[in-house]
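Text of the file run33.txt, holding compact mmCIF, C-alpha atoms:
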```
# COMPACT_ATOMS: atom_id res chain seq x y z
CA MET A 1 -28.69 -76.32 -27.35
CA ALA A 2 -28.71 -77.48 -30.96
CA ASN A 3 -25.42 -78.67 -32.34
CA THR A 4 -23.64 -77.06 -35.25
CA LYS A 5 -24.14 -79.96 -37.62
CA GLU A 6 -27.92 -79.84 -37.30
CA VAL A 7 -28.07 -76.11 -37.93
CA ARG A 8 -25.78 -76.41 -40.92
CA LYS A 9 -28.02 -79.08 -42.41
CA GLN A 10 -31.07 -76.89 -41.95
CA ILE A 11 -29.39 -73.93 -43.62
CA ALA A 12 -28.40 -76.09 -46.60
CA SER A 13 -31.94 -77.39 -47.03
CA ILE A 14 -33.45 -73.90 -46.89
CA LYS A 15 -30.89 -72.64 -49.36
CA SER A 16 -31.85 -75.31 -51.87
CA THR A 17 -35.54 -74.45 -51.40
CA GLN A 18 -34.69 -70.82 -51.97
CA LYS A 19 -32.99 -71.73 -55.24
CA ILE A 20 -36.16 -73.48 -56.41
CA THR A 21 -38.47 -70.65 -55.43
CA SER A 22 -36.29 -68.02 -57.09
CA ALA A 23 -36.14 -70.12 -60.26
CA MET A 24 -39.93 -70.42 -60.23
CA GLU A 25 -40.21 -66.69 -59.76
CA MET A 26 -38.11 -66.08 -62.85
CA VAL A 27 -40.08 -68.61 -64.90
CA ALA A 28 -43.35 -66.95 -63.90
CA ALA A 29 -41.94 -63.51 -64.69
CA SER A 30 -41.06 -64.59 -68.21
CA LYS A 31 -44.44 -66.26 -68.73
CA ILE A 32 -46.34 -63.16 -67.58
CA LYS A 33 -45.20 -61.30 -70.69
CA LYS A 34 -46.46 -64.05 -72.96
CA THR A 35 -49.84 -64.44 -71.29
CA GLN A 36 -50.36 -60.69 -71.09
CA ASN A 37 -49.54 -60.43 -74.75
CA GLU A 38 -52.07 -63.12 -75.58
CA MET A 39 -54.66 -61.28 -73.51
CA GLN A 40 -54.04 -58.15 -75.54
CA LEU A 41 -54.20 -59.99 -78.89
CA GLY A 42 -57.55 -61.53 -78.00
CA ARG A 43 -59.03 -58.22 -76.95
CA PRO A 44 -60.05 -56.80 -80.37
CA TYR A 45 -62.19 -59.86 -81.08
CA SER A 46 -64.03 -59.70 -77.76
CA GLU A 47 -64.54 -55.97 -78.15
CA LYS A 48 -65.88 -56.30 -81.69
CA ILE A 49 -68.20 -59.17 -80.90
CA LYS A 50 -69.47 -57.24 -77.90
CA GLU A 51 -70.16 -54.28 -80.17
CA VAL A 52 -72.08 -56.46 -82.62
CA ILE A 53 -74.07 -58.06 -79.81
CA SER A 54 -75.01 -54.66 -78.41
CA HIS A 55 -76.08 -53.51 -81.88
CA ILE A 56 -78.31 -56.56 -82.10
CA ALA A 57 -79.72 -55.88 -78.64
CA ASN A 58 -80.58 -52.36 -79.73
CA SER A 59 -82.16 -53.35 -83.03
CA SER A 60 -85.87 -54.02 -83.12
CA SER A 61 -85.42 -57.62 -84.13
CA GLU A 62 -88.33 -59.89 -84.97
CA TYR A 63 -86.66 -62.62 -82.96
CA SER A 64 -85.60 -62.35 -79.35
CA HIS A 65 -82.91 -64.75 -78.25
CA PRO A 66 -83.49 -66.87 -75.11
CA PHE A 67 -80.24 -65.53 -73.61
CA TYR A 68 -81.93 -62.16 -73.20
CA GLU A 69 -84.99 -63.62 -71.58
CA HIS A 70 -85.30 -63.17 -67.81
CA ARG A 71 -87.16 -66.16 -66.47
CA GLU A 72 -87.95 -67.20 -62.95
CA THR A 73 -84.73 -68.54 -61.51
CA LYS A 74 -84.72 -71.91 -59.85
CA LYS A 75 -81.26 -73.09 -60.62
CA ALA A 76 -78.01 -71.27 -61.31
CA CYS A 77 -74.78 -72.55 -62.80
CA PHE A 78 -71.36 -71.21 -61.87
CA LEU A 79 -68.62 -71.43 -64.46
CA VAL A 80 -65.48 -71.35 -62.36
CA VAL A 81 -62.15 -70.63 -64.02
CA SER A 82 -59.15 -71.69 -61.94
CA SER A 83 -55.52 -72.60 -62.47
CA ASP A 84 -54.16 -76.10 -62.91
CA LYS A 85 -51.15 -75.59 -60.69
CA GLY A 86 -50.84 -74.34 -57.17
CA LEU A 87 -48.12 -72.22 -55.56
CA CYS A 88 -49.80 -69.02 -56.61
CA GLY A 89 -50.78 -67.57 -53.25
CA GLY A 90 -54.44 -67.06 -52.44
CA LEU A 91 -55.47 -66.62 -56.07
CA ASN A 92 -57.73 -69.65 -56.37
CA ILE A 93 -58.97 -69.77 -52.81
CA ASN A 94 -60.05 -66.11 -52.86
CA LEU A 95 -62.10 -66.81 -55.97
CA PHE A 96 -63.66 -69.97 -54.51
CA LYS A 97 -64.61 -68.07 -51.36
CA GLN A 98 -66.47 -65.54 -53.44
CA VAL A 99 -68.20 -68.26 -55.47
CA ILE A 100 -69.29 -70.06 -52.32
CA SER A 101 -70.64 -66.89 -50.72
CA LYS A 102 -72.56 -66.02 -53.89
CA SER A 103 -73.95 -69.53 -54.03
CA ALA A 104 -75.00 -69.30 -50.36
CA GLU A 105 -76.68 -65.98 -51.10
CA LEU A 106 -78.64 -67.59 -53.95
CA LYS A 107 -79.53 -70.54 -51.77
CA ALA A 108 -81.08 -68.19 -49.22
CA ARG A 109 -83.38 -67.07 -52.05
CA GLY A 110 -84.24 -70.67 -52.85
CA ILE A 111 -81.96 -71.01 -55.88
CA GLU A 112 -79.93 -74.18 -56.23
CA SER A 113 -76.41 -74.06 -57.64
CA SER A 114 -74.42 -76.28 -59.93
CA PHE A 115 -70.84 -75.86 -61.09
CA ALA A 116 -68.92 -76.15 -64.35
CA LEU A 117 -65.23 -76.14 -63.61
CA ILE A 118 -62.15 -75.20 -65.58
CA GLY A 119 -58.80 -76.13 -64.07
CA LEU A 120 -57.53 -78.80 -61.69
CA LYS A 121 -57.67 -76.61 -58.58
CA ALA A 122 -61.39 -75.94 -58.92
CA ALA A 123 -62.02 -79.65 -59.49
CA SER A 124 -60.23 -80.67 -56.32
CA PHE A 125 -61.78 -77.86 -54.28
CA PHE A 126 -65.36 -78.65 -55.25
CA LYS A 127 -64.70 -82.33 -54.77
CA SER A 128 -63.82 -81.71 -51.12
CA VAL A 129 -66.52 -79.10 -50.52
CA GLY A 130 -69.18 -81.03 -52.37
CA GLY A 131 -71.41 -79.55 -55.02
CA ASP A 132 -73.23 -80.51 -58.16
CA VAL A 133 -70.50 -80.51 -60.83
CA VAL A 134 -71.93 -80.65 -64.36
CA ALA A 135 -68.77 -80.27 -66.43
CA ASN A 136 -65.05 -80.19 -65.95
CA VAL A 137 -62.07 -79.31 -68.13
CA GLN A 138 -58.52 -79.35 -66.91
CA LYS A 139 -54.88 -79.28 -67.96
CA LEU A 140 -55.30 -76.53 -70.53
CA GLY A 141 -51.62 -75.65 -70.24
CA ASP A 142 -50.01 -72.25 -70.64
CA LYS A 143 -51.54 -71.66 -74.04
CA PRO A 144 -55.23 -72.49 -73.70
CA ASP A 145 -56.85 -73.73 -76.87
CA PRO A 146 -60.32 -72.31 -77.59
CA ASP A 147 -61.37 -75.71 -78.94
CA ALA A 148 -60.82 -77.31 -75.55
CA LEU A 149 -63.55 -75.14 -74.04
CA ILE A 150 -66.25 -75.86 -76.59
CA GLY A 151 -67.48 -79.02 -74.89
CA LEU A 152 -67.88 -77.34 -71.53
CA THR A 153 -69.60 -74.33 -73.04
CA LYS A 154 -72.00 -76.55 -74.93
CA THR A 155 -72.90 -78.51 -71.80
CA VAL A 156 -73.75 -75.33 -69.93
CA LEU A 157 -75.67 -73.76 -72.81
CA ASP A 158 -77.62 -76.98 -73.36
CA LEU A 159 -78.59 -77.00 -69.68
CA HIS A 160 -79.87 -73.45 -70.13
CA ARG A 161 -81.72 -74.37 -73.32
CA ASN A 162 -83.44 -77.33 -71.65
CA GLY A 163 -84.51 -75.12 -68.78
CA GLU A 164 -82.45 -77.01 -66.21
CA VAL A 165 -80.43 -73.89 -65.49
CA ASP A 166 -81.87 -70.37 -65.54
CA GLN A 167 -78.84 -68.26 -64.72
CA VAL A 168 -75.19 -68.67 -65.56
CA TYR A 169 -72.38 -66.90 -63.75
CA LEU A 170 -68.82 -66.63 -64.98
CA CYS A 171 -66.26 -66.60 -62.17
CA GLY A 172 -62.61 -65.89 -62.74
CA ASN A 173 -59.78 -63.63 -61.68
CA GLY A 174 -59.55 -60.21 -63.28
CA PHE A 175 -56.11 -58.89 -64.11
CA VAL A 176 -55.70 -55.40 -62.66
CA ASN A 177 -51.91 -55.28 -62.74
CA THR A 178 -49.02 -57.53 -61.86
CA MET A 179 -49.48 -56.88 -58.15
CA THR A 180 -53.26 -57.06 -57.96
CA GLN A 181 -55.72 -59.63 -59.16
CA GLU A 182 -59.39 -59.39 -58.42
CA PRO A 183 -61.81 -62.31 -58.17
CA LYS A 184 -64.94 -61.57 -60.20
CA VAL A 185 -68.35 -63.22 -60.34
CA GLU A 186 -70.27 -61.91 -63.33
CA GLN A 187 -73.65 -62.77 -64.71
CA LEU A 188 -73.37 -64.34 -68.15
CA ILE A 189 -76.94 -65.45 -68.87
CA PRO A 190 -79.36 -63.76 -69.07
CA LEU A 191 -77.20 -61.14 -70.73
CA PRO A 192 -77.23 -57.99 -68.65
CA ALA A 193 -78.93 -55.14 -70.52
CA GLU A 194 -76.45 -52.93 -72.34
CA GLU A 195 -76.52 -49.20 -71.97
CA THR A 196 -78.29 -47.68 -74.92
CA ASP A 197 -76.51 -45.61 -77.52
CA GLU A 198 -77.55 -43.54 -80.51
CA LEU A 199 -78.71 -46.59 -82.47
CA THR A 200 -81.83 -47.08 -80.34
CA ALA A 201 -83.19 -43.71 -81.35
CA THR A 202 -84.37 -45.04 -84.69
CA HIS A 203 -86.42 -48.08 -85.45
CA TRP A 204 -84.32 -50.42 -87.54
CA ASP A 205 -83.48 -54.06 -88.02
CA TYR A 206 -80.94 -56.16 -89.80
CA ILE A 207 -81.49 -58.13 -92.93
CA TYR A 208 -80.68 -61.65 -91.85
CA GLU A 209 -79.09 -64.15 -94.20
CA PRO A 210 -80.13 -66.94 -93.69
CA GLU A 211 -82.72 -67.02 -90.86
CA ALA A 212 -82.48 -64.70 -87.86
CA GLN A 213 -82.88 -67.49 -85.35
CA GLU A 214 -80.17 -69.69 -86.82
CA LEU A 215 -77.78 -66.78 -87.19
CA LEU A 216 -78.31 -65.34 -83.73
CA GLU A 217 -78.05 -68.77 -82.16
CA GLY A 218 -74.60 -69.21 -83.70
CA LEU A 219 -73.49 -65.68 -82.90
CA MET A 220 -74.63 -65.85 -79.27
CA THR A 221 -72.88 -69.16 -78.75
CA ARG A 222 -69.75 -67.67 -80.27
CA TYR A 223 -70.09 -64.66 -77.98
CA ILE A 224 -70.40 -66.77 -74.84
CA GLU A 225 -67.46 -68.87 -75.99
CA SER A 226 -65.34 -65.81 -76.54
CA LEU A 227 -66.20 -64.46 -73.09
CA ILE A 228 -65.24 -67.75 -71.47
CA TYR A 229 -62.05 -67.99 -73.51
CA HIS A 230 -61.12 -64.47 -72.52
CA ALA A 231 -61.74 -65.31 -68.86
CA VAL A 232 -59.44 -68.32 -69.17
CA ILE A 233 -56.67 -66.26 -70.77
CA GLU A 234 -57.05 -63.53 -68.18
CA ASN A 235 -56.97 -66.07 -65.38
CA SER A 236 -53.79 -67.58 -66.74
CA ALA A 237 -52.15 -64.13 -66.75
CA CYS A 238 -53.34 -63.71 -63.16
CA GLU A 239 -51.94 -67.10 -62.25
CA GLN A 240 -48.48 -66.21 -63.50
CA ALA A 241 -48.55 -62.82 -61.77
CA ALA A 242 -49.72 -64.32 -58.49
CA LYS A 243 -47.14 -67.08 -58.79
CA MET A 244 -44.37 -64.59 -59.35
CA LEU A 245 -45.42 -62.63 -56.28
CA ALA A 246 -45.83 -65.72 -54.10
CA MET A 247 -42.44 -67.05 -55.15
CA LYS A 248 -40.80 -63.67 -54.60
CA ASN A 249 -42.18 -63.62 -51.06
CA ALA A 250 -41.06 -67.19 -50.48
CA THR A 251 -37.54 -66.37 -51.67
CA GLU A 252 -37.40 -63.36 -49.37
CA ASN A 253 -38.71 -65.35 -46.42
CA ALA A 254 -36.13 -68.04 -47.07
CA GLY A 255 -33.45 -65.33 -47.03
CA ASP A 256 -34.65 -64.07 -43.63
CA LEU A 257 -34.73 -67.59 -42.26
CA ILE A 258 -31.21 -68.26 -43.48
CA LYS A 259 -29.99 -65.07 -41.80
CA GLU A 260 -31.53 -66.10 -38.49
CA LEU A 261 -30.17 -69.59 -38.72
CA GLU A 262 -26.68 -68.31 -39.54
CA LEU A 263 -26.81 -66.16 -36.42
CA LEU A 264 -27.85 -69.21 -34.43
CA TYR A 265 -25.10 -71.25 -36.06
CA ASN A 266 -22.45 -68.71 -35.09
CA ASN A 267 -23.81 -68.56 -31.54
CA VAL A 268 -23.70 -72.31 -31.21
CA ARG A 269 -20.23 -72.53 -32.69
CA GLN A 270 -18.94 -69.76 -30.43
CA ALA A 271 -20.51 -71.38 -27.39
CA ALA A 272 -18.82 -74.67 -28.25
CA ILE A 273 -15.43 -72.97 -28.62
CA THR A 274 -15.83 -71.08 -25.36
CA GLN A 275 -16.81 -74.26 -23.61
CA GLU A 276 -13.84 -76.15 -25.02
CA LEU A 277 -11.49 -73.34 -24.04
CA SER A 278 -12.80 -73.19 -20.50
CA GLU A 279 -12.47 -76.94 -20.28
CA ILE A 280 -8.83 -76.76 -21.43
CA VAL A 281 -8.09 -73.88 -19.03
CA GLY A 282 -9.85 -75.75 -16.24
CA GLY A 283 -7.92 -78.89 -17.06
CA ALA A 284 -4.58 -77.05 -17.12
CA ALA A 285 -5.31 -75.41 -13.76
CA ALA A 286 -6.08 -78.75 -12.22
CA VAL A 287 -2.72 -80.22 -13.24
CA MET B 1 -64.79 -40.74 -102.25
CA SER B 2 -66.86 -42.15 -99.41
CA THR B 3 -65.39 -44.99 -97.43
CA ILE B 4 -66.56 -47.61 -94.98
CA LYS B 5 -64.75 -48.65 -91.80
CA VAL B 6 -63.53 -52.22 -92.10
CA SER B 7 -62.34 -54.41 -89.25
CA ILE B 8 -61.34 -58.02 -89.56
CA VAL B 9 -60.72 -59.80 -86.29
CA SER B 10 -60.04 -63.40 -85.39
CA SER B 11 -60.26 -64.89 -81.93
CA SER B 12 -56.50 -64.73 -81.51
CA GLU B 13 -55.67 -61.36 -83.06
CA GLU B 14 -56.74 -58.30 -85.01
CA ILE B 15 -56.04 -58.80 -88.71
CA TYR B 16 -57.03 -55.55 -90.31
CA SER B 17 -58.56 -52.28 -89.31
CA GLY B 18 -58.94 -49.41 -91.72
CA GLU B 19 -61.00 -47.75 -94.42
CA GLY B 20 -62.24 -49.24 -97.66
CA THR B 21 -64.19 -47.97 -100.65
CA MET B 22 -65.48 -51.44 -101.49
CA VAL B 23 -65.30 -54.80 -99.75
CA PHE B 24 -65.90 -58.25 -101.24
CA ALA B 25 -66.47 -61.35 -99.15
CA THR B 26 -68.04 -64.78 -99.27
CA GLY B 27 -71.22 -64.85 -97.20
CA SER B 28 -72.89 -68.08 -96.24
CA LEU B 29 -75.41 -67.55 -99.07
CA GLY B 30 -72.94 -66.47 -101.71
CA GLU B 31 -70.54 -63.70 -102.57
CA ILE B 32 -71.40 -60.19 -101.45
CA GLY B 33 -70.02 -56.79 -102.27
CA ILE B 34 -70.23 -54.14 -99.59
CA ALA B 35 -70.17 -50.47 -100.50
CA PRO B 36 -70.41 -47.55 -98.07
CA GLY B 37 -74.02 -46.96 -96.99
CA HIS B 38 -74.97 -50.62 -97.19
CA THR B 39 -78.17 -51.51 -95.36
CA PRO B 40 -77.67 -53.24 -91.95
CA LEU B 41 -77.04 -56.90 -92.64
CA LEU B 42 -76.06 -59.83 -90.50
CA THR B 43 -74.86 -62.96 -92.22
CA GLY B 44 -72.59 -65.94 -91.86
CA LEU B 45 -69.08 -65.84 -93.22
CA ALA B 46 -68.01 -68.80 -95.34
CA PRO B 47 -64.34 -69.76 -95.65
CA GLY B 48 -62.83 -67.73 -98.44
CA PRO B 49 -61.01 -64.58 -99.44
CA VAL B 50 -62.02 -61.14 -98.24
CA ARG B 51 -60.91 -58.30 -100.49
CA VAL B 52 -60.72 -54.76 -99.24
CA GLN B 53 -60.38 -52.06 -101.89
CA ASN B 54 -59.33 -48.58 -100.98
CA GLY B 55 -59.05 -46.55 -104.15
CA ASP B 56 -56.52 -48.40 -106.30
CA ASP B 57 -55.07 -50.25 -103.37
CA GLU B 58 -56.40 -53.77 -102.77
CA LYS B 59 -55.68 -56.11 -99.89
CA THR B 60 -56.70 -59.75 -99.68
CA PHE B 61 -57.28 -61.71 -96.48
CA PHE B 62 -58.32 -65.25 -95.87
CA CYS B 63 -61.11 -65.89 -93.39
CA SER B 64 -62.40 -69.22 -92.19
CA GLY B 65 -66.01 -69.41 -91.00
CA GLY B 66 -67.55 -66.75 -88.82
CA PHE B 67 -69.95 -63.82 -89.05
CA ILE B 68 -70.25 -60.54 -90.92
CA GLU B 69 -72.02 -57.55 -89.45
CA ILE B 70 -72.73 -54.62 -91.71
CA GLN B 71 -73.83 -51.16 -90.64
CA PRO B 72 -74.08 -48.27 -93.11
CA ASP B 73 -70.72 -46.88 -91.97
CA LEU B 74 -68.88 -49.97 -90.80
CA VAL B 75 -68.38 -53.64 -91.56
CA THR B 76 -67.05 -56.14 -89.05
CA PHE B 77 -65.74 -59.60 -89.87
CA LEU B 78 -65.73 -61.95 -86.90
CA SER B 79 -63.66 -64.84 -88.15
CA ASP B 80 -62.71 -67.89 -86.15
CA ARG B 81 -59.37 -67.74 -87.91
CA ALA B 82 -58.16 -65.15 -90.35
CA GLU B 83 -54.82 -64.54 -91.97
CA ARG B 84 -53.19 -62.24 -94.43
CA ALA B 85 -53.41 -63.95 -97.78
CA GLU B 86 -49.78 -63.15 -98.58
CA SER B 87 -48.61 -65.26 -95.68
CA MET B 88 -50.41 -68.36 -96.89
CA ASP B 89 -48.55 -71.28 -98.34
CA GLU B 90 -50.11 -73.11 -101.26
CA ALA B 91 -48.31 -76.38 -100.57
CA GLU B 92 -49.63 -76.42 -97.01
CA ALA B 93 -53.13 -75.70 -98.25
CA ILE B 94 -53.03 -78.52 -100.80
CA LYS B 95 -51.76 -80.91 -98.17
CA ALA B 96 -54.65 -79.91 -95.91
CA GLN B 97 -57.11 -80.50 -98.75
CA GLU B 98 -55.74 -83.96 -99.46
CA LEU B 99 -55.97 -84.88 -95.81
CA ALA B 100 -59.53 -83.59 -95.60
CA GLU B 101 -60.51 -85.54 -98.73
CA LYS B 102 -58.97 -88.68 -97.31
CA ASN B 103 -60.89 -88.22 -94.09
CA MET B 104 -64.12 -87.81 -96.05
CA HIS B 105 -63.70 -91.04 -97.97
CA ASP B 106 -62.25 -93.00 -95.12
CA LYS B 107 -65.28 -94.42 -93.37
CA GLU B 108 -63.17 -96.04 -90.66
CA SER B 109 -61.88 -92.64 -89.61
CA ASP B 110 -62.89 -91.33 -86.20
CA LEU B 111 -63.65 -87.94 -87.65
CA ASP B 112 -67.29 -87.40 -88.32
CA TYR B 113 -68.47 -86.52 -91.78
CA THR B 114 -69.58 -82.94 -91.12
CA LYS B 115 -66.25 -82.03 -89.58
CA ALA B 116 -64.37 -83.47 -92.53
CA ALA B 117 -66.62 -81.63 -94.97
CA ALA B 118 -65.97 -78.35 -93.16
CA GLN B 119 -62.24 -79.01 -93.27
CA LEU B 120 -62.40 -79.72 -96.97
CA ALA B 121 -64.36 -76.55 -97.66
CA GLU B 122 -61.82 -74.51 -95.73
CA ALA B 123 -58.84 -76.06 -97.50
CA ALA B 124 -60.44 -75.55 -100.92
CA ALA B 125 -61.23 -71.91 -100.10
CA ARG B 126 -57.66 -71.39 -98.98
CA ILE B 127 -56.30 -72.67 -102.28
CA LYS B 128 -58.77 -70.53 -104.18
CA THR B 129 -57.57 -67.45 -102.31
CA ILE B 130 -53.95 -68.15 -103.10
CA GLN B 131 -54.64 -68.78 -106.75
CA LYS B 132 -56.71 -65.65 -107.06
CA LEU B 133 -53.92 -63.67 -105.51
CA ARG B 134 -51.43 -65.14 -108.00
CA LYS B 135 -53.54 -64.18 -110.96
CA ASN B 136 -53.78 -60.59 -109.80
CA LYS B 137 -50.03 -60.24 -109.66
```

Let me see the file written as structure tokens.
Amino acid sequence: MANTKEVRKQIASIKSTQKITSAMEMVAASKIKKTQNEMQLGRPYSEKIKEVISHIANSSSEYSHPFYEHRETKKACFLVVSSDKGLCGGLNINLFKQVISKSAELKARGIESSFALIGLKAASFFKSVGGDVVANVQKLGDKPDPDALIGLTKTVLDLHRNGEVDQVYLCGNGFVNTMTQEPKVEQLIPLPAEETDELTATHWDYIYEPEAQELLEGLMTRYIESLIYHAVIENSACEQAAKMLAMKNATENAGDLIKELELLYNNVRQAAITQELSEIVGGAAAV
Amino acid sequence: MSTIKVSIVSSSEEIYSGEGTMVFATGSLGEIGIAPGHTPLLTGLAPGPVRVQNGDDEKTFFCSGGFIEIQPDLVTFLSDRAERAESMDEAEAIKAQELAEKNMHDKESDLDYTKAAAQLAEAAARIKTIQKLRKNK
């Protein structure tokens, strides 16, 4: 049977782990508010730009942007948004699983995949799994800067422009609520057709100042950037929520473990006392 | 009086949403005035002040580059960065302009010329907005 000293040591070590996990839980809980707030602040822009884009899609423009064009798909690119830090449960791995299964599905149809990765976790995962990684950004921190994503976006859009990539998917976690996060794989390019509204009924077009092509090019790039930025912000809110939950569970599990070990400790201690007593009694009887 | 729905948004927050009888802004090809019933127009937004008039009430905002979309009943400003003009600091703006000018002339600098020029344009527009606002007071 284990001796009391060993058990005591184990309890102390678990207690200190529990302190760390509960501290991390509280840190995540306070960060959730901030990230959620940021998500909300960014929402009007993405909604408005989406509105404008759908207006453009519904106008009878003289110029059709390549992002709307459905061409024969030979190669797809996955833009994977992950967290930089671990200890957030199955958040990242659930997303990667979905990305891999989608990529396998495309492969069965003869479509090759490449990956553009945001976050350290995605980088290390795709390094071990293997895959054609075209771009990588990491260490965005708690407050992601839109500027940091421009390079990656440009790389992916240039690949599309040159015809090296025909489809682009955006993969990230969707924030449902604090308890639930949902991995999503959405098609980014070609832009999925929007549902029509009253504007299509009439034949109209914008006046473009300056040229339509130049203007739409800039606007589309901005739109894609805003979608990616929003995905990053949303993912960071998910990360904090998942981390809070994972750390809460860890703290609770540590509590259970401590309870069990304390029971064991008392058993061991009692057994030792009983044994000592019986030894003393036995010794006294022998005299 | 007829009005037009105005929304000014930047990538990090919503700046203004409301009605206006007349809106003035700096498009990429020059200043434009937008009245209700304007024909659909899509244009670039140059750094500068955006003025929203609603009757006698006038509000001024500062927008850095972006896009303007105009529909007969609504106008949307998609700015990379926008702020309420009242909250702008002239000293900060002048400092930014000096830095941008220095970057332009400094050939050794790592910054490329186009970026510096854009910075300078933005700083100059910012100062213009503040000064315009002062005059109106």

Please return as a PyMOL selection string every residue within 10 Å of (-70.0, -45.6, -96.5), taking into account all atoms listed in the file and the file's own coordinates.
chain B and resi 1-5+19-22+34-38+71-75

At a cut-off of 12 Å, using all atoms listed in the file, what residues contact A:Lys259? Leave out same-chain residues fewer than 3 positions from it and give the result as a count of residues only.
15

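Relative to atom CA of A:Met39, atom CA of A:Phe126 is found at 27.4 Å.
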
Please measure the separation of atom CA of A:Ile233 and atom CA of A:Ser46, giving the value in Å to one decimal.
12.1 Å

Expected answer as a PyMOL selection string: all residues with atoms within 10 Å of (-60.5, -57.7, -85.2), only C-alpha atoms:
(chain A and resi 41-49) or (chain B and resi 6-17+76-79+82)

Produce a table with one row for each residue of chain A that has an atom at most 12 Å from any atom of chain B, each row naming the nearest atom pair and its distance in Å at one decimal; use all atoms listed in the file; arrange rows by chain and rising residue number; format as a tab-separated table.
```
residue	atom	partner	partner_atom	distance
A:Asn37	CA	B:Glu13	CA	10.4
A:Glu38	CA	B:Ser12	CA	7.6
A:Met39	CA	B:Ser12	CA	8.9
A:Gln40	CA	B:Glu13	CA	8.3
A:Leu41	CA	B:Glu13	CA	4.6
A:Gly42	CA	B:Ser12	CA	4.9
A:Arg43	CA	B:Glu13	CA	7.6
A:Pro44	CA	B:Glu14	CA	5.9
A:Tyr45	CA	B:Val9	CA	5.4
A:Ser46	CA	B:Ser11	CA	7.7
A:Glu47	CA	B:Val9	CA	9.8
A:Lys48	CA	B:Thr76	CA	7.5
A:Ile49	CA	B:Leu78	CA	7.1
A:Lys50	CA	B:Leu78	CA	10.8
A:Glu51	CA	B:Thr76	CA	9.6
A:Val52	CA	B:Glu69	CA	6.9
A:Ile53	CA	B:Glu69	CA	9.9
A:Ser54	CA	B:Glu69	CA	11.8
A:His55	CA	B:Gln71	CA	9.3
A:Ile56	CA	B:Leu42	CA	9.3
A:Ser59	CA	B:Pro40	CA	10.0
A:Ser61	CA	B:Leu42	CA	11.5
A:Lys143	CA	B:Ser12	CA	11.3
A:Pro144	CA	B:Ser12	CA	11.1
A:Asp145	CA	B:Ser12	CA	10.1
A:Pro146	CA	B:Ser11	CA	8.6
A:Asp147	CA	B:Asp80	CA	10.7
A:Leu199	CA	B:Gln71	CA	10.6
A:Trp204	CA	B:Pro40	CA	8.5
A:Asp205	CA	B:Pro40	CA	7.1
A:Tyr206	CA	B:Leu41	CA	4.9
A:Ile207	CA	B:Leu41	CA	4.6
A:Tyr208	CA	B:Leu42	CA	5.1
A:Glu209	CA	B:Thr43	CA	4.8
A:Pro210	CA	B:Thr43	CA	6.8
A:Glu211	CA	B:Thr43	CA	9.0
A:Ala212	CA	B:Leu42	CA	8.5
A:Gln213	CA	B:Leu42	CA	11.5
A:Glu214	CA	B:Gly44	CA	9.8
A:Leu215	CA	B:Thr43	CA	7.0
A:Leu216	CA	B:Leu42	CA	9.0
A:Glu217	CA	B:Gly44	CA	11.5
A:Gly218	CA	B:Phe67	CA	8.9
A:Leu219	CA	B:Phe67	CA	7.3
A:Met220	CA	B:Phe67	CA	11.0
A:Thr221	CA	B:Gly66	CA	11.6
A:Arg222	CA	B:Gly66	CA	8.9
A:Tyr223	CA	B:Leu78	CA	10.3
A:Glu225	CA	B:Ser11	CA	10.1
A:Ser226	CA	B:Ser11	CA	7.5
A:Leu227	CA	B:Ser11	CA	10.7
A:Ile228	CA	B:Ser11	CA	11.9
A:Tyr229	CA	B:Ser11	CA	9.1
A:His230	CA	B:Ser11	CA	9.5
A:Ile233	CA	B:Ser12	CA	10.8
```

A:Gly163 environment, 10 Å, only C-alpha atoms, sequence neighbours closer than 3 positions dropped, as a ChimeraX atom specification
/A:71,73-75,157-160,166-167

Of the candidates B:Glu31, B:Asp112, B:Glu58, B:Asp89, which shows the shortest atom-to-atom distance to B:Ala46, using only C-alpha atoms?
B:Glu31

Contacts of A:Phe96 at 10 Å (all atoms listed in the file; same-chain gap of 4+ positions) as a list in words:
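Residues near the query, excluding close chain neighbours: Val80, Val81, Ser82, Gly90, Leu91, Asn92, Ile100, Ser101, Lys102, Lys121, Ala122, Phe125, Phe126, Cys171, Gly172 and Pro183 of chain A.
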
May I ask for the distance between atom CA of B:Glu122 and atom CA of B:Pro49, given in Å to one decimal place?
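Taking atom CA of B:Glu122 and atom CA of B:Pro49, their separation equals 10.6 Å.
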
Could you give me the centre and size, in Å to one decimal, of an axis-aligned box around all listed atoms of stretch 64-74 of chain B with 3 Å added on every side, as AutoDock Vina command-line options?
```
--center_x -68.2 --center_y -58.1 --center_z -91.0 --size_x 17.7 --size_y 28.5 --size_z 10.3
```

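Nearest to A:Glu182 of all the residues A:Leu106, A:Ala148, A:Ala242, A:Leu277 is A:Ala242, based on all atoms listed in the file.
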
Residues within 6 Å of B:Ala116, please, as a VMD selection string. Count all atoms listed in the file; anything in the same chain fewer than 3 positions from it doesn't count.
chain B and resid 100 104 113 119

Given the choices A:Thr35, A:Asn267, A:Ser64, A:Ser30, which gets closest to A:Asn235 if the distance is worked out from all atoms listed in the file?
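For A:Asn235, the nearest of the candidates is A:Thr35.
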